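Taking it in order: structure first as structure tokens, then the write-up.
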Amino acid sequence: MNNFLKQILQRHTALLVLAIFVGILGIKVFLTMPRSLFPEVNYPRVVVEVNMGYTPLQNMEWGITSILEKELRSVPGVRLVKSTSSRGLSTIDIFLNEDQEITSAVQRVNAKIAEARALIPAAAQISVRPITAAAFPSAEYCFTSKTKSTRDLRKFVEYTVKPQILVIPGIYNVNVIGGDTPEYSVMLDPKKMAAHNITVTEISDRLKNSNNVDFLGPVQGSESEVLAFGGKFAKNTDDLSSIVVDSNLGKQVTLRDLSKIELRDAWKTQQLTLSGQECVALDIFYQTNINQQTTSRAIKASIANIIDENKGDYTFRSWDLNDFTDTATNAVLIDLLVGMVIIGLVTFIFLKNLRYSAFALIVMPLAATFTFLAMKGLHLTINLMTLGGLTAAIGLVVDNTVIILEMYHHRKSLHPELSSSDILLAVLKSVIKPMIFGTLTIAFVFTPIGYLSGVSGMFFEPMASVHGSSLIISIILAILVVPGLILLFGKARHQLKYQDTLAADSNRYEGYTRLLKCLLEKPKMFALVLLVAPLLGLVTLPWAKSGFLPEWDEGDLVIDFRAESPMNLKATIQKLKPLEDYLHTVPEVDFFIRKIGTALGEANKPPYLGEFVVKLKKDRKKDVFTLRDQLNSQIGNLVKGFEFDLFQILPDRLNDLSGNSKPIVLYLHGDDEEALQKAADDYKEALSGIKGLDSLRIEEPEKSMEFIYSIDERKSRLLELNPSDINNDARFALFSIDSSTIQMGPQSIPVRLRIQDDYQRNNLADLPIYTNKGGLEKLGTLGKVEQSLARVESTHLDGNPVQVLTAEIAGRDLGSVVNDIQTVLKKLANKDITAELAGEYQNQQRSFHELILAFLTGLGIIFVMSLFFSNSLRTSLALTICALIPPTVGLVGLVVMQIPLDVSSFSGLISVTGIAVANSFMALSAIEELNKTHDFRYSLIEGMRHRIRPILMTNLAAMAGFIPIAIGLANGDEILRPFSIAIIAGLFGAIYTTILVMPLCYSVLKKEKRPA
């Protein structure tokens, strides 16, 4: 080791130059690394969607969903299957064990579906997709126009804007929603059809055949081969009108003879408006592992150019999660720089030397650039959690540098006659063992946090990797680079006059020495008192708030709505008008997008479901949580007959990724579906009185009115009508029949057959039905029309029917709300209904159990590292016991600051346990060194006196690194603020432990060595 350290000192210039080159490379890597708000989260979940038009719920639930559930449950690695069935649509969520590779899982799911394909209707369209961040839109651009129709606006977005956005690097997909789409509406006269004895089915078939081109074959020439095609495509209304649909006694019957044909807007069930004006939205999906900020800027520039080229006919507004990414990541970088400056100031206050403070300031950004290289090697991206890991480590990174600078400064003042190289060699030999053991202990103690499961593990694993990498890099820089800085720049051209600042401040530390001597008079008693006193802080645990992940203000708000009973698009628009008018009056609102029949991540929904995406102004005075409460208190009075749910986009996105729709999810299990529905109403009523439980609702919509038409087989047979013919004629008379398409450039326009307006009926029984024997019959004469209430949606969990209640949390912490919920559940418990609490609470409980295990693992790591360091069971036991104090003090700090105990703050409490032990290693090394030539009591007192200043310096420097985030210096700090506050509070406990508790415990358990 001695020769190795000498080589470092001899080659200090080369090592410093090498470090600079590596740092420059790290800067280049940082500028080119992929950037996003959060780490790329690929949750072990696969979604199967089945679409089958408007198939009745019963057929979907038991004829398709149930069959697929049984097959998919047997896929290896599946832990849970959850399904939701509605009319014509089934969504099956397959939750996998976390050790499953997602691509292989998708292949196994597809294989099982292929096996079950013969058991379900052939018309069912099945899609399979893994759940990743790319499955949800990250930006939305809404276009409006005062001069163009909504049909032209849709065409502009679909065929002008979308193609140019799709070619931008980093784009995964683009969806166009809203506006109007064209259709050729062929409005047939049923009396004329009857007069010519032609049915709508025959007209549809002939229209398809006449509007078609088929391949005939090749025409062979002597040296050529020309392909031949037969038929023609209709290009406009005149072409459609001239199509011959019948020929009677030599007279041709065309569509013109039977109908009126118009190009008009198609029927729709969704509408989007931008602050009250109808709009068309472009939803942007980003690829994974890209620099989303670069892609976002390219999109904005491309759309701005397109708008400019169209002479102001179109305008747009947009929201983009990367705006918050920019704000949050820049905030963390600012926190990092401010933390470095504060650490440099702390160093100067203690050493009173600008050069040494400058050395500390140089090492910190150098460590950051080295860490970016490590992140590149670990395939990590620049995001809030990786930058948070670096920020969390920066105060600790400088500790090793500060220790070397302080000890060199102190020894040089005592021995000015020695050369700088000799002093540095002695310093490195003295500190290298405790420095390596202490730094590795801090890194290893934090490492188990990276093995959390679920979303919290996916978030904190990158943070733990960066945190550990930074600490290891700090050892390398302290040993290889700091000596070079001292030797090259540590003295001016004239000989520096060193001042022993420790001696100058002897009065300050003399008080500590007297206190330590007093405590050592009765070490056992005082050790017990000083050890137990802070541990009494555990009694504050019942007062600690609890949560899952911290809340943050991202500058937007989503108001999700659902009508209590189904209604059409026109009625939904009218009902929501008062809420739109109110949003116009809220000064903090920049703009809002009202969506009916669609939502983020769900392009197609019924016309009584939807959302408002409210974008807030940047310079507002109220935060998003205050505005959420304000809107929540007003909405119920403004709009009746609707259920509302308010949330931010990113927290809801995380819930979507994990499969939890809301923070609170309650599953009700039972065998009787009617009893389940009644129980859901009872539970909702009982839970509605809980304070802080917001937007409580039953996920299954209320029953909807529907008509059931039963054909009279006897009557239909007398008229030679098949049930399928009657249903087809009824669909034509009531709605329309898709018949063909007309291609106009890239746009495919459908052709639909409809009954003329004069013959439309509101009464289903009055619909005209054409008979093969000529004439028209009313639908009611051929069967029976009944009206009844019917379920429109059902949910299964592992194949068993369940009712689901969900809720948001507002104004209270998760733990206290859950306690109240569990009290209510106990009162409602019965043998027929089983209640299961899930959502964020379930994730929180799992994460907390894992964090407790991580904490115990950390204590085990501390004991093992202490044993390797001291080779003494007694010393290792003393250090491990003392390590309990900092997290306890940190817990008290969280309670005092009203910070919830969540995954972030709990991780901070675990991290701080290693810091106290690292301090103790440094103090023990001095004590053991003195004990070689002095008695134990003298060695203990003098060793602690020599180490108190570096201990205070390193801990205060570490605190300084966390101060910018803890005080919320910038927007976006909320995510890491609980972590920072837990560490700052815990560091006070670490100082207390190191300078008071540890010496006494060590003196009690250590066997005294006689000096040589």
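Here, A, B, ... name the chains of the structure tokens in the order displayed, residue numbers run from 1 inside each chain, and ligands are numbered from 1 in the same displayed order.
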
TODO: Within 10 Å of Pro169 of chain A, counting only C-alpha atoms, which residues show up once you throw out same-chain ones fewer than 5 positions away? Write them as a count of residues only, please.
DONE: 9

Open item on the list: When you look at Gln842 of chain A with a cut-off of 10 Å (counting only C-alpha atoms), what residues show up, excluding the ones that are within fewer than 2 positions of it in the same chain? I need them as a VMD selection string.
Closed with: chain A and resid 548 660 663 to 665 836 to 840 844 to 848

Please identify all polymer residues within 12 Å of Glu673 of chain A, counting only C-alpha atoms, omitting same-chain residues fewer than 4 positions from it, and present them as an mmCIF file with all heavy atoms, in the first residue's frame.
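So the final result, stored in part.cif, reads:
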```cif
data_model
loop_
_atom_site.group_PDB
_atom_site.id
_atom_site.type_symbol
_atom_site.label_atom_id
_atom_site.label_comp_id
_atom_site.auth_asym_id
_atom_site.auth_seq_id
_atom_site.Cartn_x
_atom_site.Cartn_y
_atom_site.Cartn_z
ATOM 1 N N LEU A 668 -64.762 -6.020 -3.911
ATOM 2 C CA LEU A 668 -65.780 -6.770 -3.173
ATOM 3 C C LEU A 668 -66.008 -8.101 -3.883
ATOM 4 O O LEU A 668 -66.401 -8.129 -5.060
ATOM 5 C CB LEU A 668 -67.089 -5.989 -3.091
ATOM 6 C CG LEU A 668 -67.026 -4.624 -2.401
ATOM 7 C CD1 LEU A 668 -68.398 -3.961 -2.406
ATOM 8 C CD2 LEU A 668 -66.503 -4.756 -0.971
ATOM 9 N N HIS A 669 -65.748 -9.197 -3.183
ATOM 10 C CA HIS A 669 -65.881 -10.538 -3.746
ATOM 11 C C HIS A 669 -67.152 -11.194 -3.201
ATOM 12 O O HIS A 669 -67.486 -11.034 -2.023
ATOM 13 C CB HIS A 669 -64.682 -11.407 -3.378
ATOM 14 C CG HIS A 669 -63.361 -10.845 -3.806
ATOM 15 N ND1 HIS A 669 -62.728 -11.219 -4.966
ATOM 16 C CD2 HIS A 669 -62.545 -9.923 -3.215
ATOM 17 C CE1 HIS A 669 -61.579 -10.562 -5.067
ATOM 18 N NE2 HIS A 669 -61.447 -9.764 -4.019
ATOM 19 N N GLN A 677 -73.811 -6.141 -6.116
ATOM 20 C CA GLN A 677 -74.221 -4.794 -6.506
ATOM 21 C C GLN A 677 -74.811 -4.035 -5.316
ATOM 22 O O GLN A 677 -74.529 -2.855 -5.117
ATOM 23 C CB GLN A 677 -75.233 -4.877 -7.645
ATOM 24 C CG GLN A 677 -74.633 -5.384 -8.951
ATOM 25 C CD GLN A 677 -75.653 -5.501 -10.063
ATOM 26 O OE1 GLN A 677 -76.536 -4.671 -10.185
ATOM 27 N NE2 GLN A 677 -75.534 -6.543 -10.862
ATOM 28 N N LYS A 678 -75.617 -4.724 -4.517
ATOM 29 C CA LYS A 678 -76.191 -4.080 -3.331
ATOM 30 C C LYS A 678 -75.105 -3.739 -2.316
ATOM 31 O O LYS A 678 -75.099 -2.664 -1.705
ATOM 32 C CB LYS A 678 -77.233 -4.996 -2.687
ATOM 33 C CG LYS A 678 -77.928 -4.358 -1.482
ATOM 34 C CD LYS A 678 -78.951 -5.278 -0.876
ATOM 35 C CE LYS A 678 -79.681 -4.591 0.284
ATOM 36 N NZ LYS A 678 -78.777 -4.104 1.324
ATOM 37 N N ALA A 679 -74.143 -4.675 -2.147
ATOM 38 C CA ALA A 679 -73.041 -4.427 -1.214
ATOM 39 C C ALA A 679 -72.220 -3.221 -1.651
ATOM 40 O O ALA A 679 -71.772 -2.422 -0.813
ATOM 41 C CB ALA A 679 -72.153 -5.668 -1.123
ATOM 42 N N ALA A 680 -72.014 -3.057 -2.959
ATOM 43 C CA ALA A 680 -71.256 -1.910 -3.454
ATOM 44 C C ALA A 680 -71.931 -0.606 -3.054
ATOM 45 O O ALA A 680 -71.268 0.354 -2.629
ATOM 46 C CB ALA A 680 -71.108 -2.006 -4.972
ATOM 47 N N ARG A 791 -77.195 -4.199 -17.220
ATOM 48 C CA ARG A 791 -75.807 -3.839 -16.892
ATOM 49 C C ARG A 791 -75.045 -3.540 -18.175
ATOM 50 O O ARG A 791 -75.275 -4.151 -19.222
ATOM 51 C CB ARG A 791 -75.121 -4.990 -16.148
ATOM 52 C CG ARG A 791 -75.728 -5.304 -14.804
ATOM 53 C CD ARG A 791 -75.051 -6.529 -14.192
ATOM 54 N NE ARG A 791 -73.649 -6.272 -13.867
ATOM 55 C CZ ARG A 791 -72.752 -7.237 -13.658
ATOM 56 N NH1 ARG A 791 -73.116 -8.506 -13.763
ATOM 57 N NH2 ARG A 791 -71.515 -6.933 -13.345
ATOM 58 N N SER A 794 -68.943 -5.200 -16.531
ATOM 59 C CA SER A 794 -68.687 -6.144 -15.442
ATOM 60 C C SER A 794 -67.185 -6.331 -15.291
ATOM 61 O O SER A 794 -66.424 -6.167 -16.247
ATOM 62 C CB SER A 794 -69.356 -7.497 -15.721
ATOM 63 O OG SER A 794 -68.748 -8.123 -16.836
ATOM 64 N N THR A 795 -66.764 -6.667 -14.066
ATOM 65 C CA THR A 795 -65.344 -6.848 -13.761
ATOM 66 C C THR A 795 -65.129 -8.215 -13.130
ATOM 67 O O THR A 795 -65.913 -8.645 -12.281
ATOM 68 C CB THR A 795 -64.850 -5.747 -12.797
ATOM 69 O OG1 THR A 795 -65.089 -4.477 -13.388
ATOM 70 C CG2 THR A 795 -63.360 -5.895 -12.528
ATOM 71 N N HIS A 796 -64.064 -8.889 -13.554
ATOM 72 C CA HIS A 796 -63.671 -10.170 -12.975
ATOM 73 C C HIS A 796 -62.261 -10.065 -12.411
ATOM 74 O O HIS A 796 -61.422 -9.322 -12.942
ATOM 75 C CB HIS A 796 -63.676 -11.277 -14.036
ATOM 76 C CG HIS A 796 -65.033 -11.657 -14.525
ATOM 77 N ND1 HIS A 796 -65.232 -12.675 -15.431
ATOM 78 C CD2 HIS A 796 -66.267 -11.164 -14.238
ATOM 79 C CE1 HIS A 796 -66.523 -12.793 -15.691
ATOM 80 N NE2 HIS A 796 -67.176 -11.876 -14.984
ATOM 81 N N ASN A 800 -63.452 -14.503 -11.350
ATOM 82 C CA ASN A 800 -64.601 -14.374 -10.451
ATOM 83 C C ASN A 800 -65.148 -12.949 -10.485
ATOM 84 O O ASN A 800 -64.378 -11.981 -10.431
ATOM 85 C CB ASN A 800 -64.205 -14.728 -9.017
ATOM 86 C CG ASN A 800 -63.690 -16.155 -8.907
ATOM 87 O OD1 ASN A 800 -64.320 -17.080 -9.403
ATOM 88 N ND2 ASN A 800 -62.538 -16.329 -8.266
ATOM 89 N N PRO A 801 -66.485 -12.800 -10.547
ATOM 90 C CA PRO A 801 -67.073 -11.448 -10.590
ATOM 91 C C PRO A 801 -66.756 -10.664 -9.315
ATOM 92 O O PRO A 801 -66.784 -11.212 -8.208
ATOM 93 C CB PRO A 801 -68.579 -11.721 -10.713
ATOM 94 C CG PRO A 801 -68.676 -13.118 -11.240
ATOM 95 C CD PRO A 801 -67.503 -13.854 -10.678
ATOM 96 N N VAL A 802 -66.453 -9.386 -9.472
ATOM 97 C CA VAL A 802 -66.202 -8.492 -8.338
ATOM 98 C C VAL A 802 -66.848 -7.145 -8.614
ATOM 99 O O VAL A 802 -67.129 -6.797 -9.764
ATOM 100 C CB VAL A 802 -64.687 -8.281 -8.079
ATOM 101 C CG1 VAL A 802 -64.008 -9.565 -7.660
ATOM 102 C CG2 VAL A 802 -64.006 -7.680 -9.302
ATOM 103 N N GLN A 803 -67.106 -6.413 -7.538
ATOM 104 C CA GLN A 803 -67.470 -5.010 -7.640
ATOM 105 C C GLN A 803 -66.266 -4.197 -7.170
ATOM 106 O O GLN A 803 -65.573 -4.586 -6.217
ATOM 107 C CB GLN A 803 -68.691 -4.693 -6.789
ATOM 108 C CG GLN A 803 -70.015 -5.122 -7.396
ATOM 109 C CD GLN A 803 -70.454 -4.220 -8.535
ATOM 110 O OE1 GLN A 803 -69.977 -3.094 -8.666
ATOM 111 N NE2 GLN A 803 -71.361 -4.719 -9.367
ATOM 112 N N ASP A 832 -70.855 -13.356 3.401
ATOM 113 C CA ASP A 832 -71.153 -13.496 1.969
ATOM 114 C C ASP A 832 -70.305 -12.573 1.096
ATOM 115 O O ASP A 832 -70.125 -12.831 -0.086
ATOM 116 C CB ASP A 832 -72.639 -13.207 1.717
ATOM 117 C CG ASP A 832 -73.538 -14.215 2.411
ATOM 118 O OD1 ASP A 832 -73.154 -15.403 2.452
ATOM 119 O OD2 ASP A 832 -74.608 -13.809 2.918
ATOM 120 N N ILE A 833 -69.826 -11.474 1.674
ATOM 121 C CA ILE A 833 -69.051 -10.497 0.917
ATOM 122 C C ILE A 833 -67.673 -10.345 1.556
ATOM 123 O O ILE A 833 -67.567 -10.115 2.762
ATOM 124 C CB ILE A 833 -69.753 -9.119 0.870
ATOM 125 C CG1 ILE A 833 -71.155 -9.249 0.274
ATOM 126 C CG2 ILE A 833 -68.918 -8.126 0.082
ATOM 127 C CD1 ILE A 833 -71.189 -9.685 -1.166
#
```

Who sits within 12 Å of Lys208 of chain A, only C-alpha atoms, same chain under 2 positions skipped, as a PDB file with N, CA, C and O atoms, in the first residue's frame:
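Output saved as result14.pdb:
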```
ATOM      1  N   THR A 201     -80.124  -5.276 -48.556  1.00  0.00           N
ATOM      2  CA  THR A 201     -78.988  -6.199 -48.645  1.00  0.00           C
ATOM      3  C   THR A 201     -78.522  -6.331 -50.085  1.00  0.00           C
ATOM      4  O   THR A 201     -77.310  -6.334 -50.364  1.00  0.00           O
ATOM      5  N   GLU A 202     -79.457  -6.419 -51.010  1.00  0.00           N
ATOM      6  CA  GLU A 202     -79.092  -6.526 -52.428  1.00  0.00           C
ATOM      7  C   GLU A 202     -78.414  -5.249 -52.913  1.00  0.00           C
ATOM      8  O   GLU A 202     -77.438  -5.293 -53.681  1.00  0.00           O
ATOM      9  N   ILE A 203     -78.931  -4.105 -52.489  1.00  0.00           N
ATOM     10  CA  ILE A 203     -78.313  -2.831 -52.885  1.00  0.00           C
ATOM     11  C   ILE A 203     -76.876  -2.756 -52.364  1.00  0.00           C
ATOM     12  O   ILE A 203     -75.959  -2.338 -53.076  1.00  0.00           O
ATOM     13  N   SER A 204     -76.667  -3.159 -51.113  1.00  0.00           N
ATOM     14  CA  SER A 204     -75.335  -3.113 -50.517  1.00  0.00           C
ATOM     15  C   SER A 204     -74.371  -4.022 -51.272  1.00  0.00           C
ATOM     16  O   SER A 204     -73.228  -3.631 -51.576  1.00  0.00           O
ATOM     17  N   ASP A 205     -74.821  -5.232 -51.612  1.00  0.00           N
ATOM     18  CA  ASP A 205     -73.950  -6.167 -52.339  1.00  0.00           C
ATOM     19  C   ASP A 205     -73.578  -5.620 -53.708  1.00  0.00           C
ATOM     20  O   ASP A 205     -72.417  -5.711 -54.130  1.00  0.00           O
ATOM     21  N   ARG A 206     -74.557  -5.035 -54.426  1.00  0.00           N
ATOM     22  CA  ARG A 206     -74.280  -4.537 -55.768  1.00  0.00           C
ATOM     23  C   ARG A 206     -73.400  -3.289 -55.724  1.00  0.00           C
ATOM     24  O   ARG A 206     -72.590  -3.057 -56.630  1.00  0.00           O
ATOM     25  N   SER A 210     -69.849  -3.085 -57.650  1.00  0.00           N
ATOM     26  CA  SER A 210     -69.670  -2.074 -58.698  1.00  0.00           C
ATOM     27  C   SER A 210     -68.572  -1.075 -58.364  1.00  0.00           C
ATOM     28  O   SER A 210     -68.069  -0.392 -59.256  1.00  0.00           O
ATOM     29  N   ASN A 211     -68.238  -0.957 -57.114  1.00  0.00           N
ATOM     30  CA  ASN A 211     -67.196  -0.015 -56.682  1.00  0.00           C
ATOM     31  C   ASN A 211     -65.953  -0.813 -56.293  1.00  0.00           C
ATOM     32  O   ASN A 211     -65.503  -0.809 -55.154  1.00  0.00           O
ATOM     33  N   ASN A 212     -65.408  -1.510 -57.295  1.00  0.00           N
ATOM     34  CA  ASN A 212     -64.319  -2.429 -56.997  1.00  0.00           C
ATOM     35  C   ASN A 212     -63.505  -2.681 -58.259  1.00  0.00           C
ATOM     36  O   ASN A 212     -64.042  -2.655 -59.381  1.00  0.00           O
ATOM     37  N   VAL A 213     -62.246  -2.911 -58.091  1.00  0.00           N
ATOM     38  CA  VAL A 213     -61.355  -3.274 -59.197  1.00  0.00           C
ATOM     39  C   VAL A 213     -60.652  -4.566 -58.820  1.00  0.00           C
ATOM     40  O   VAL A 213     -60.043  -4.649 -57.745  1.00  0.00           O
ATOM     41  N   ASP A 214     -60.743  -5.587 -59.708  1.00  0.00           N
ATOM     42  CA  ASP A 214     -60.132  -6.891 -59.468  1.00  0.00           C
ATOM     43  C   ASP A 214     -59.000  -7.133 -60.447  1.00  0.00           C
ATOM     44  O   ASP A 214     -58.999  -6.611 -61.587  1.00  0.00           O
ATOM     45  N   GLY A 231     -63.084  -3.558 -63.693  1.00  0.00           N
ATOM     46  CA  GLY A 231     -63.927  -2.842 -62.757  1.00  0.00           C
ATOM     47  C   GLY A 231     -63.565  -1.365 -62.701  1.00  0.00           C
ATOM     48  O   GLY A 231     -62.757  -0.868 -63.490  1.00  0.00           O
ATOM     49  N   LYS A 232     -64.189  -0.650 -61.788  1.00  0.00           N
ATOM     50  CA  LYS A 232     -63.866   0.763 -61.618  1.00  0.00           C
ATOM     51  C   LYS A 232     -64.212   1.205 -60.204  1.00  0.00           C
ATOM     52  O   LYS A 232     -65.001   0.563 -59.501  1.00  0.00           O
ATOM     53  N   PHE A 233     -63.584   2.318 -59.806  1.00  0.00           N
ATOM     54  CA  PHE A 233     -63.838   2.903 -58.503  1.00  0.00           C
ATOM     55  C   PHE A 233     -64.710   4.143 -58.672  1.00  0.00           C
ATOM     56  O   PHE A 233     -64.485   4.966 -59.570  1.00  0.00           O
ATOM     57  N   ALA A 234     -65.684   4.262 -57.812  1.00  0.00           N
ATOM     58  CA  ALA A 234     -66.453   5.503 -57.774  1.00  0.00           C
ATOM     59  C   ALA A 234     -65.596   6.591 -57.143  1.00  0.00           C
ATOM     60  O   ALA A 234     -64.859   6.352 -56.185  1.00  0.00           O
ATOM     61  N   LEU A 240     -71.434   7.421 -57.809  1.00  0.00           N
ATOM     62  CA  LEU A 240     -72.284   6.573 -56.973  1.00  0.00           C
ATOM     63  C   LEU A 240     -73.714   6.530 -57.509  1.00  0.00           C
ATOM     64  O   LEU A 240     -74.359   5.461 -57.567  1.00  0.00           O
ATOM     65  N   ILE A 243     -74.506   4.021 -60.402  1.00  0.00           N
ATOM     66  CA  ILE A 243     -74.353   2.576 -60.222  1.00  0.00           C
ATOM     67  C   ILE A 243     -75.700   1.889 -60.381  1.00  0.00           C
ATOM     68  O   ILE A 243     -76.693   2.277 -59.765  1.00  0.00           O
ATOM     69  N   VAL A 244     -75.737   0.862 -61.259  1.00  0.00           N
ATOM     70  CA  VAL A 244     -76.961   0.107 -61.525  1.00  0.00           C
ATOM     71  C   VAL A 244     -77.129  -0.962 -60.454  1.00  0.00           C
ATOM     72  O   VAL A 244     -76.247  -1.793 -60.239  1.00  0.00           O
ATOM     73  N   VAL A 245     -78.285  -0.906 -59.786  1.00  0.00           N
ATOM     74  CA  VAL A 245     -78.532  -1.873 -58.711  1.00  0.00           C
ATOM     75  C   VAL A 245     -79.567  -2.913 -59.100  1.00  0.00           C
ATOM     76  O   VAL A 245     -79.744  -3.920 -58.398  1.00  0.00           O
ATOM     77  N   ASP A 738     -72.833  -0.047 -43.355  1.00  0.00           N
ATOM     78  CA  ASP A 738     -71.603   0.211 -44.100  1.00  0.00           C
ATOM     79  C   ASP A 738     -71.622  -0.620 -45.376  1.00  0.00           C
ATOM     80  O   ASP A 738     -71.827  -1.842 -45.336  1.00  0.00           O
ATOM     81  N   SER A 739     -71.364   0.041 -46.498  1.00  0.00           N
ATOM     82  CA  SER A 739     -71.476  -0.672 -47.762  1.00  0.00           C
ATOM     83  C   SER A 739     -70.182  -0.687 -48.554  1.00  0.00           C
ATOM     84  O   SER A 739     -69.806  -1.712 -49.105  1.00  0.00           O
ATOM     85  N   SER A 740     -69.495   0.444 -48.629  1.00  0.00           N
ATOM     86  CA  SER A 740     -68.310   0.520 -49.471  1.00  0.00           C
ATOM     87  C   SER A 740     -67.497   1.733 -49.044  1.00  0.00           C
ATOM     88  O   SER A 740     -67.832   2.401 -48.054  1.00  0.00           O
ATOM     89  N   THR A 741     -66.451   2.031 -49.799  1.00  0.00           N
ATOM     90  CA  THR A 741     -65.634   3.218 -49.533  1.00  0.00           C
ATOM     91  C   THR A 741     -65.239   3.870 -50.850  1.00  0.00           C
ATOM     92  O   THR A 741     -65.198   3.222 -51.900  1.00  0.00           O
ATOM     93  N   ILE A 742     -64.964   5.158 -50.778  1.00  0.00           N
ATOM     94  CA  ILE A 742     -64.424   5.903 -51.917  1.00  0.00           C
ATOM     95  C   ILE A 742     -63.087   6.484 -51.495  1.00  0.00           C
ATOM     96  O   ILE A 742     -62.985   7.153 -50.469  1.00  0.00           O
ATOM     97  N   PRO A 750     -66.100   6.455 -46.159  1.00  0.00           N
ATOM     98  CA  PRO A 750     -67.072   5.359 -46.176  1.00  0.00           C
ATOM     99  C   PRO A 750     -68.361   5.752 -46.901  1.00  0.00           C
ATOM    100  O   PRO A 750     -68.745   6.923 -46.941  1.00  0.00           O
ATOM    101  N   VAL A 751     -69.013   4.734 -47.453  1.00  0.00           N
ATOM    102  CA  VAL A 751     -70.334   4.890 -48.056  1.00  0.00           C
ATOM    103  C   VAL A 751     -71.315   4.131 -47.184  1.00  0.00           C
ATOM    104  O   VAL A 751     -71.149   2.924 -46.956  1.00  0.00           O
ATOM    105  N   ARG A 752     -72.341   4.838 -46.675  1.00  0.00           N
ATOM    106  CA  ARG A 752     -73.289   4.212 -45.763  1.00  0.00           C
ATOM    107  C   ARG A 752     -74.707   4.353 -46.323  1.00  0.00           C
ATOM    108  O   ARG A 752     -75.088   5.411 -46.829  1.00  0.00           O
ATOM    109  N   LEU A 753     -75.453   3.276 -46.194  1.00  0.00           N
ATOM    110  CA  LEU A 753     -76.844   3.255 -46.626  1.00  0.00           C
ATOM    111  C   LEU A 753     -77.733   3.617 -45.444  1.00  0.00           C
ATOM    112  O   LEU A 753     -77.635   3.021 -44.370  1.00  0.00           O
TER     113      LEU A 753
END
```

Write out, as CSV, each residue of segment 172-217 of chain A that has an atom at most 10 Å from segment 126-149 of chain A, together with the closest pair of atoms and their distance in Å to one decimal, counting only C-alpha atoms, rows going by chain and rising number.
```
residue,atom,partner,partner_atom,distance
A:Tyr172,CA,A:Ala134,CA,7.0
A:Asn173,CA,A:Ala134,CA,8.4
A:Val174,CA,A:Pro137,CA,8.5
A:Asn175,CA,A:Pro137,CA,8.9
A:Val176,CA,A:Tyr141,CA,9.7
A:Ile177,CA,A:Cys142,CA,9.4
A:Gly178,CA,A:Cys142,CA,9.5
A:Gly179,CA,A:Ser149,CA,8.7
A:Asp180,CA,A:Ser149,CA,8.5
```

Saved selection, atoms kept: C-alpha atoms, as an mmCIF file, in the first residue's frame:
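Once everything was written out, this is selection_7.cif:
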```cif
data_model
loop_
_atom_site.group_PDB
_atom_site.id
_atom_site.type_symbol
_atom_site.label_atom_id
_atom_site.label_comp_id
_atom_site.auth_asym_id
_atom_site.auth_seq_id
_atom_site.Cartn_x
_atom_site.Cartn_y
_atom_site.Cartn_z
ATOM 1 C CA TYR A 172 -43.541 5.958 -31.424
ATOM 2 C CA ASN A 173 -47.079 6.748 -32.544
ATOM 3 C CA VAL A 174 -49.480 9.616 -33.224
ATOM 4 C CA ASN A 175 -53.277 9.516 -32.821
ATOM 5 C CA VAL A 176 -55.767 12.040 -34.205
ATOM 6 C CA ILE A 177 -58.934 12.564 -32.142
ATOM 7 C CA GLY A 178 -61.939 14.823 -32.553
ATOM 8 C CA GLY A 179 -63.409 16.920 -35.335
ATOM 9 C CA ASP A 180 -65.670 15.495 -38.039
#
```

- [ ] Kindly indicate which residue among A:Thr875, A:Thr391, A:Gln252, A:Gln743 lies nearest to Pro964 of chain A, using only C-alpha atoms for the distances.
- [x]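 Ranking A:Thr875, A:Thr391, A:Gln252, A:Gln743 by distance to Pro964 of chain A, first place goes to A:Thr391.
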
Task: Spatial neighbours of Met998 of chain A, 9 Å, only C-alpha atoms, chain gap at least 3 places, as a list in words - done: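 Counting only C-alpha atoms, the residues come to Ala527, Leu531, Ala878, Leu879, Cys882, Ser920, Tyr992, Thr993, Thr994, Ile995, Cys1001, Tyr1002 and Ser1003 of chain A.
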
Task: Long-range neighbours of Ala923 of chain A as a ChimeraX atom specification, 10 Å cut-off, only C-alpha atoms, 3 positions minimum in chain - done: /A:434,917-920,926-928,940,943-948,950-951,994-995,998-999

Task: Distance criterion (only C-alpha atoms): nearest to Lys605 of chain A out of A:Leu901, A:Ala982, A:Leu89, A:Leu68 - done: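 Closest to Lys605 of chain A, using only C-alpha atoms: A:Leu89.
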
- [ ] Find, counting only C-alpha atoms, the residue in A:Val785, A:Leu428, A:Val895, A:Leu666 that gets nearest to Thr834 of chain A.
- [x] A:Leu666

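Backbone DSSP of segment 822-914 of chain A yields strand (DSSP E) at Thr834, Ala835, Glu836, Leu837, Ala838 and Gly839 of chain A.
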